[in-house]
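Structure file target-v3.cif (mmCIF, C-alpha atoms) is printed below.
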```
data_model
loop_
_atom_site.label_atom_id
_atom_site.label_comp_id
_atom_site.auth_asym_id
_atom_site.auth_seq_id
_atom_site.Cartn_x
_atom_site.Cartn_y
_atom_site.Cartn_z
CA SER P 1 28.78 24.54 57.33
CA CYS P 2 28.99 21.94 60.12
CA PHE P 3 25.88 20.20 61.39
CA VAL P 4 27.09 20.30 65.00
CA LYS P 5 29.37 22.82 66.66
CA TRP P 6 32.23 20.81 68.09
CA ASP P 7 34.61 22.51 70.48
CA ALA P 8 36.70 21.65 73.53
CA VAL P 9 33.66 21.66 75.82
CA SER P 10 31.81 19.21 73.55
CA SER P 11 34.88 16.99 73.50
CA PHE P 12 35.03 17.08 77.30
CA TYR P 13 31.42 15.99 77.78
CA PHE P 14 31.73 13.34 75.08
CA GLN P 15 34.86 11.82 76.65
CA ILE P 16 33.23 11.81 80.08
CA ALA P 17 30.09 10.16 78.69
CA LEU P 18 31.96 7.45 76.74
CA PRO P 19 31.74 4.76 79.48
CA PHE P 20 27.98 5.29 79.77
CA ILE P 21 27.56 5.20 75.99
CA PHE P 22 29.57 1.99 75.88
CA ALA P 23 27.46 0.51 78.68
CA LEU P 24 24.25 1.36 76.77
CA PHE P 25 25.43 -0.19 73.50
CA TYR P 26 26.79 -3.28 75.25
CA THR P 27 23.50 -3.73 77.13
CA LEU P 28 21.57 -3.61 73.85
CA PHE P 29 24.03 -6.05 72.29
CA PHE P 30 23.77 -8.45 75.21
CA LEU P 31 19.95 -8.30 75.20
CA ALA P 32 19.92 -9.12 71.50
CA ARG P 33 22.35 -11.99 72.05
CA ASP P 34 20.31 -13.26 74.99
CA CYS P 35 17.13 -13.27 72.89
CA TRP P 36 18.90 -15.28 70.19
CA ARG P 37 20.23 -17.75 72.76
CA ARG P 38 16.78 -18.27 74.23
CA GLN P 39 15.49 -19.15 70.78
CA GLN P 40 18.27 -21.74 70.65
CA HIS P 41 17.21 -22.96 74.15
CA ARG P 42 20.48 -21.77 75.65
CA HIS P 43 20.46 -19.74 78.85
CA ASP P 44 23.15 -17.73 80.60
CA SER P 45 23.41 -18.24 84.36
CA ILE P 46 25.26 -14.93 84.87
CA PRO P 47 22.95 -11.89 85.18
CA LEU P 48 23.08 -9.03 82.70
CA TRP P 49 24.42 -6.39 85.09
CA ARG P 50 27.53 -8.46 85.84
CA HIS P 51 28.36 -8.71 82.13
CA VAL P 52 27.88 -4.97 81.70
CA LEU P 53 29.91 -4.14 84.83
CA LYS P 54 32.83 -6.28 83.69
CA GLN P 55 32.95 -4.69 80.24
CA VAL P 56 32.54 -1.13 81.56
CA VAL P 57 35.40 -1.63 84.04
CA SER P 58 37.67 -2.87 81.26
CA PHE P 59 36.63 0.05 79.03
CA VAL P 60 37.38 2.59 81.78
CA LEU P 61 40.80 1.03 82.41
CA VAL P 62 41.66 1.24 78.71
CA ASN P 63 40.65 4.92 78.52
CA TYR P 64 41.84 5.76 82.03
CA THR P 65 44.61 8.19 81.05
CA THR P 66 42.37 10.16 78.69
CA LEU P 67 39.64 10.43 81.33
CA CYS P 68 42.20 11.63 83.91
CA VAL P 69 43.53 14.34 81.61
CA LYS P 70 40.05 15.56 80.70
CA CYS P 71 38.94 15.78 84.33
CA PHE P 72 42.13 17.54 85.46
CA GLN P 73 42.03 20.00 82.57
CA SER P 74 38.58 21.22 83.57
CA LEU P 75 40.04 22.39 86.90
CA ARG P 76 43.02 24.32 85.50
CA CYS P 77 42.55 28.04 84.79
CA SER P 78 44.81 30.83 83.57
CA ALA P 79 44.50 34.39 84.84
CA PHE P 80 44.50 37.35 82.44
CA PRO P 81 45.48 41.00 83.07
CA ASP P 82 41.82 42.07 83.23
CA GLY P 83 41.35 39.95 86.35
CA ARG P 84 39.36 37.20 84.66
CA SER P 85 40.50 33.61 84.32
CA TYR P 86 39.71 31.10 81.59
CA LEU P 87 40.16 27.39 81.12
CA GLU P 88 43.45 26.58 79.45
CA PHE P 89 42.06 23.80 77.26
CA ALA P 90 38.88 25.80 76.46
CA PRO P 91 39.70 29.55 76.39
CA SER P 92 36.08 30.40 75.56
CA VAL P 93 34.93 29.24 79.01
CA GLU P 94 35.40 31.71 81.84
CA CYS P 95 36.33 30.06 85.11
CA TRP P 96 33.83 29.78 87.96
CA THR P 97 30.88 30.75 85.86
CA ARG P 98 27.79 28.57 85.54
CA SER P 99 29.15 26.57 82.60
CA HIS P 100 32.49 26.02 84.32
CA TRP P 101 30.89 25.05 87.63
CA ALA P 102 29.00 22.27 85.83
CA MET P 103 32.24 20.93 84.35
CA ALA P 104 34.14 21.27 87.63
CA VAL P 105 31.51 19.49 89.76
CA LEU P 106 31.20 16.72 87.18
CA SER P 107 34.99 16.29 87.10
CA VAL P 108 35.30 16.13 90.89
CA VAL P 109 32.54 13.50 91.11
CA TYR P 110 34.10 11.59 88.22
CA ILE P 111 37.53 11.63 89.86
CA ALA P 112 36.13 10.44 93.19
CA VAL P 113 33.86 7.70 91.79
CA PHE P 114 35.73 6.39 88.74
CA LEU P 115 39.37 7.49 88.70
CA VAL P 116 40.07 6.96 92.42
CA GLY P 117 37.11 4.82 93.44
CA LEU P 118 37.62 2.20 90.72
CA PRO P 119 41.15 1.05 91.72
CA VAL P 120 40.17 1.19 95.40
CA ALA P 121 37.08 -0.95 94.70
CA ILE P 122 39.18 -3.46 92.70
CA PHE P 123 41.65 -3.70 95.59
CA LEU P 124 38.89 -4.27 98.14
CA VAL P 125 37.13 -6.91 96.03
CA ILE P 126 40.34 -8.86 95.37
CA ARG P 127 41.35 -8.65 99.04
CA ARG P 128 37.93 -9.89 100.16
CA HIS P 129 38.04 -12.89 97.81
CA LYS P 130 41.61 -13.63 98.87
CA GLN P 131 40.71 -13.56 102.57
CA ARG P 132 37.72 -15.84 102.01
CA GLY P 133 39.70 -18.23 99.84
CA THR P 134 37.36 -17.76 96.86
CA LEU P 135 39.78 -15.95 94.57
CA HIS P 136 40.14 -18.91 92.20
CA THR P 137 36.58 -20.16 92.10
CA ALA P 138 34.88 -20.40 88.72
CA PHE P 139 32.84 -17.23 89.16
CA ALA P 140 35.71 -15.18 90.64
CA ASP P 141 37.97 -16.24 87.76
CA TRP P 142 35.34 -15.15 85.27
CA ALA P 143 34.62 -11.83 86.98
CA TRP P 144 38.07 -10.76 88.23
CA GLY P 145 40.62 -13.21 86.86
CA TRP P 146 41.54 -10.87 84.02
CA LEU P 147 42.65 -8.32 86.65
CA HIS P 148 44.76 -10.53 88.92
CA GLY P 149 45.56 -13.66 86.93
CA ALA P 150 48.93 -12.41 85.67
CA TYR P 151 50.33 -11.58 89.12
CA GLU P 152 51.98 -13.51 91.93
CA LEU P 153 49.85 -14.59 94.88
CA ASP P 154 51.20 -11.84 97.16
CA TYR P 155 50.62 -9.11 94.53
CA LYS P 156 47.18 -9.86 93.15
CA TYR P 157 46.29 -6.19 93.70
CA TRP P 158 49.11 -4.90 91.44
CA GLU P 159 46.68 -3.84 88.70
CA CYS P 160 45.57 -1.07 91.08
CA ILE P 161 49.19 0.14 91.23
CA LEU P 162 49.38 0.24 87.44
CA VAL P 163 46.16 2.26 87.31
CA LEU P 164 47.38 4.73 89.93
CA ARG P 165 50.64 5.02 87.97
CA ARG P 166 48.72 6.46 85.04
CA PHE P 167 46.76 8.65 87.45
CA GLY P 168 50.00 10.18 88.76
CA ILE P 169 51.48 10.80 85.32
CA ALA P 170 48.29 12.45 84.09
CA LEU P 171 48.11 14.59 87.23
CA ILE P 172 51.70 15.79 86.74
CA THR P 173 51.09 16.82 83.14
CA VAL P 174 48.16 19.02 84.17
CA ILE P 175 49.05 20.30 87.62
CA THR P 176 51.95 22.39 86.32
CA SER P 177 52.80 23.89 82.94
CA GLU P 178 56.52 24.31 83.65
CA PRO P 179 58.44 21.73 81.58
CA MET P 180 61.25 21.40 84.13
CA MET P 181 58.80 20.82 86.97
CA GLN P 182 56.88 18.27 84.92
CA GLY P 183 60.08 16.44 84.03
CA ALA P 184 61.46 16.45 87.58
CA ALA P 185 58.18 15.23 89.11
CA SER P 186 57.85 12.54 86.44
CA MET P 187 61.40 11.32 87.04
CA ILE P 188 60.77 11.08 90.80
CA LEU P 189 57.54 9.13 90.26
CA LEU P 190 59.03 6.81 87.62
CA THR P 191 62.09 6.11 89.76
CA ALA P 192 59.89 5.19 92.72
CA LEU P 193 57.74 2.94 90.52
CA GLN P 194 60.82 1.29 89.04
CA ALA P 195 62.24 0.61 92.51
CA ALA P 196 58.91 -0.89 93.61
CA HIS P 197 58.81 -3.08 90.51
CA VAL P 198 62.38 -4.36 90.96
CA PHE P 199 61.73 -5.11 94.64
CA THR P 200 58.42 -6.96 94.12
CA LYS P 201 58.59 -8.47 90.59
CA PRO P 202 54.81 -8.87 90.72
CA PHE P 203 54.19 -10.79 87.48
CA ILE P 204 54.17 -14.58 87.31
CA SER P 205 55.99 -14.51 83.98
CA SER P 206 59.56 -13.22 84.11
CA GLY P 207 59.14 -12.02 80.54
CA VAL P 208 56.26 -9.76 81.51
CA ASP P 209 58.34 -8.46 84.43
CA LEU P 210 61.06 -7.55 81.95
CA LEU P 211 58.51 -5.89 79.65
CA ASP P 212 57.22 -3.68 82.43
CA PHE P 213 60.76 -2.83 83.52
CA CYS P 214 61.67 -1.89 79.93
CA GLY P 215 58.56 0.28 79.71
CA LEU P 216 59.56 2.19 82.84
CA CYS P 217 63.12 2.58 81.54
CA GLY P 218 61.83 3.90 78.22
CA SER P 219 59.61 6.42 79.99
CA GLN P 220 62.54 7.58 82.12
CA LEU P 221 64.76 8.04 79.07
CA TYR P 222 62.03 10.01 77.32
CA VAL P 223 61.62 12.35 80.31
CA LEU P 224 65.39 12.59 80.82
CA ALA P 225 65.93 13.60 77.20
CA GLY P 226 63.43 16.41 77.63
CA LEU P 227 65.13 17.60 80.82
CA LEU P 228 68.60 17.60 79.29
CA MET P 229 67.52 19.58 76.25
CA TYR P 230 65.64 22.36 78.02
CA PRO P 231 66.82 25.04 77.62
CA SER P 232 70.56 24.27 77.36
CA VAL P 233 72.99 21.56 78.40
CA THR P 234 76.49 22.96 78.75
CA LYS P 235 77.59 25.55 81.27
CA GLU P 236 78.75 27.97 78.55
CA ALA P 237 75.31 28.01 76.92
CA GLN P 238 73.40 28.99 80.06
CA GLY P 239 71.37 32.10 79.33
CA HIS P 240 71.46 31.48 75.56
CA LEU P 241 68.63 30.03 73.49
CA CYS P 242 70.46 27.51 71.33
CA SER P 243 68.86 25.96 68.28
CA ALA P 244 70.18 24.24 65.19
CA ASP P 245 70.10 27.41 63.05
CA VAL P 246 71.75 29.69 65.62
CA LEU P 247 75.38 30.54 64.80
CA ASP P 248 76.76 31.24 68.24
CA PRO P 249 80.12 30.03 69.60
CA TYR P 250 78.43 29.26 72.91
CA CYS P 251 75.96 26.98 71.16
CA ASP P 252 78.30 24.84 69.03
CA ARG P 253 79.23 22.41 71.78
CA ASP P 254 75.71 22.53 73.18
CA ASN P 255 74.15 21.59 69.83
CA ALA P 256 76.66 18.80 69.28
CA LEU P 257 75.95 17.42 72.74
CA LYS P 258 72.20 17.62 72.15
CA GLU P 259 72.59 15.68 68.91
CA GLY P 260 74.54 12.98 70.74
CA ILE P 261 72.01 12.80 73.55
CA SER P 262 69.16 12.66 71.04
CA PHE P 263 70.81 9.83 69.13
CA PHE P 264 71.53 7.89 72.34
CA SER P 265 68.02 8.41 73.69
CA LEU P 266 66.30 7.44 70.44
CA THR P 267 68.54 4.40 70.03
CA THR P 268 67.91 3.25 73.59
CA ILE P 269 64.16 3.78 73.27
CA PHE P 270 64.19 1.89 69.95
CA PHE P 271 66.00 -1.10 71.47
CA THR P 272 63.71 -0.99 74.50
CA LEU P 273 60.68 -1.16 72.22
CA LEU P 274 62.39 -3.91 70.21
CA ILE P 275 62.93 -5.98 73.35
CA ALA P 276 59.32 -5.35 74.39
CA VAL P 277 57.99 -6.46 71.00
CA ALA P 278 60.25 -9.53 70.98
CA TYR P 279 59.09 -10.66 74.41
CA THR P 280 55.49 -9.94 73.50
CA MET P 281 55.74 -12.14 70.42
CA HIS P 282 57.51 -14.79 72.49
CA SER P 283 54.72 -14.73 75.07
CA ILE P 284 52.07 -14.97 72.35
CA ARG P 285 53.92 -17.90 70.79
CA GLU P 286 54.21 -19.65 74.16
CA ALA P 287 50.49 -19.13 74.80
CA GLN P 288 49.62 -20.59 71.39
CA MET P 289 51.91 -23.57 71.91
CA SER P 290 50.44 -24.16 75.36
CA LYS P 291 46.94 -24.02 73.91
CA MET P 292 47.87 -26.46 71.14
CA ALA P 293 49.55 -28.80 73.63
CA MET P 294 46.48 -28.76 75.87
CA LYS P 295 44.28 -29.47 72.86
CA ARG P 296 46.45 -32.43 71.86
CA ILE P 297 46.41 -33.77 75.43
CA LEU P 298 42.61 -33.57 75.49
CA GLN P 299 42.43 -35.30 72.10
CA GLN P 300 44.77 -38.03 73.33
CA GLU P 301 42.67 -38.48 76.47
CA GLU P 302 39.52 -38.76 74.37
CA ARG P 303 41.21 -41.33 72.13
CA VAL P 304 42.36 -43.38 75.13
CA CYS P 305 38.87 -43.21 76.62
CA GLU P 306 37.32 -44.36 73.35
CA GLU P 307 39.80 -47.24 73.04
CA SER P 308 39.17 -48.27 76.64
CA PHE P 309 35.42 -48.14 76.06
CA HIS P 310 35.68 -50.27 72.91
CA ARG P 311 38.00 -52.75 74.67
CA LEU P 312 35.61 -53.00 77.60
CA ASP P 313 32.67 -53.42 75.25
CA SER P 314 34.44 -56.19 73.36
CA GLU P 315 35.41 -57.94 76.60
CA GLN P 316 31.82 -57.75 77.79
CA SER P 317 30.66 -59.24 74.49
CA VAL P 318 33.17 -62.13 74.79
CA ASN P 319 32.18 -62.78 78.40
CA LYS P 320 28.52 -62.79 77.42
CA VAL P 321 29.19 -65.36 74.69
CA ARG P 322 31.09 -67.57 77.12
CA LEU P 323 28.33 -67.35 79.70
CA ASP P 324 25.74 -68.25 77.04
CA GLN P 325 27.84 -71.27 76.04
CA ILE P 326 28.13 -72.37 79.64
CA PHE P 327 24.44 -72.10 80.40
CA ASP P 328 23.27 -73.43 77.01
CA GLY P 329 25.64 -76.44 77.10
CA PRO P 330 24.75 -80.00 78.26
CA PRO P 331 24.07 -80.37 81.97
#
```
For the structure just supplied, provide its representation as structure tokens.
Amino acid sequence: SCFVKWDAVSSFYFQIALPFIFALFYTLFFLARDCWRRQQHRHDSIPLWRHVLKQVVSFVLVNYTTLCVKCFQSLRCSAFPDGRSYLEFAPSVECWTRSHWAMAVLSVVYIAVFLVGLPVAIFLVIRRHKQRGTLHTAFADWAWGWLHGAYELDYKYWECILVLRRFGIALITVITSEPMMQGAASMILLTALQAAHVFTKPFISSGVDLLDFCGLCGSQLYVLAGLLMYPSVTKEAQGHLCSADVLDPYCDRDNALKEGISFFSLTTIFFTLLIAVAYTMHSIREAQMSKMAMKRILQQEERVCEESFHRLDSEQSVNKVRLDQIFDGPP
């Protein structure tokens, strides 16, 4: 027997609580590290809450899609013939009862504070620093540089767009259960995002721009493949449920076309991922080479400084000897 009963409701509360659990463990870790540093007579000028806030924001952004889906799922019910409605992801929970109200209120607050409030807060903070001219100070780079450092000066807020992109995709997958509606809405959203990306090219690196463009193309191909294969492709097969094991003259051409579309879609997605991996490795290699070059430049500067110091020291020694000879010589 299991020690703890784990169901969809438990999974919901656990996923929602993950950022707070992470914040607790990181706070304990930072306190332990701070105690060790104080024993080594090393102090951190940045307060604890700023460290925790930075790590929690990054954790929420990484798990953003999962949190969106969990919150949206708690608001989606299915009606049954007896007049009652139940949660689709947790059929044991009847909608608008006490247990469901707790989940619904928590989800609404979570959506307002974290899922919508977080990108809005990031946008406002970056805009404030940009207006004050403090966006590239030492503290701003430490606190927010990981959110805007990869983007052009006019698009420092683009990370908020990427976050809201995931928000829209997650909302589409939950707001309707009709595959055709999901696919059509996703295609409209992805096309709009692709047009915005091509128009702005927000990243400093052209390689990263290409990576993001390839990612949007791959997502579009994935959605398009699902649209083309549901439920039939050709005109003759309309009204027939065609599958690979169905021997129907109306389905022969439909199945052959589906196989071709599948092969084309999978091949295109594979090459898109291949290009993305290649550019990722290229970017990593460039970053490593840049780091090594900077290290060599610093080493060369240190060597030049040491040589200059030794030369100056030797010149001072020679001048001192000459002065001693002058003053110690015969009058």
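Counting only C-alpha atoms, the residue from P:Val223, P:Val304, P:Ala90, P:Ala278 that sits nearest to Asp7 (chain P) is P:Ala90.
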What's around region 142-151 of chain P at 7 Å? Count all atoms listed in the file, leave out sequence neighbours fewer than 6 positions away in its own chain, and write the answer as a PDB file with C-alpha atoms, keeping the file's coordinate frame.
```pdb
ATOM      1  CA  LYS P  54      32.830  -6.280  83.690  1.00  0.00           C
ATOM      2  CA  TYR P 157      46.290  -6.190  93.700  1.00  0.00           C
ATOM      3  CA  GLU P 159      46.680  -3.840  88.700  1.00  0.00           C
ATOM      4  CA  PRO P 202      54.810  -8.870  90.720  1.00  0.00           C
ATOM      5  CA  PHE P 203      54.190 -10.790  87.480  1.00  0.00           C
ATOM      6  CA  ILE P 204      54.170 -14.580  87.310  1.00  0.00           C
TER       7      ILE P 204
END
```
Gap from CA of Ala104 (chain P) to CA of Val52 (chain P) - Å, one decimal: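 CA of Val52 (chain P) lies at a distance of 27.6 Å from CA of Ala104 (chain P).
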Å distance separating CA of Pro119 (chain P) from CA of Tyr222 (chain P), one decimal place: 26.9 Å
Ground truth for the PyMOL selection byres ((chain P and resi 213) around 10), written as an MDAnalysis selection string: chainID P and resid 193:195 197:198 201 207:212 214:219 272 276
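Considering only C-alpha atoms, the residue among P:Leu118, P:Thr65, P:Leu48, P:Ser290 positioned nearest to Ala32 (chain P) is P:Leu48.
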Residue contacts of Phe264 (chain P) (12 Å, all atoms listed in the file) excluding same-chain residues fewer than 4 positions away, as a PyMOL selection string: chain P and resi 221-222+224-225+257-260+268-271
Which of P:Leu24, P:Leu31, P:Thr191, P:Cys305 sits closest to Pro47 (chain P) [using only C-alpha atoms]: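 Closest to Pro47 (chain P), using only C-alpha atoms: P:Leu31.
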Atom-to-atom span, CA of Glu178 (chain P) and CA of Val105 (chain P), Å: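 CA of Val105 (chain P) lies 26.2 Å from CA of Glu178 (chain P).
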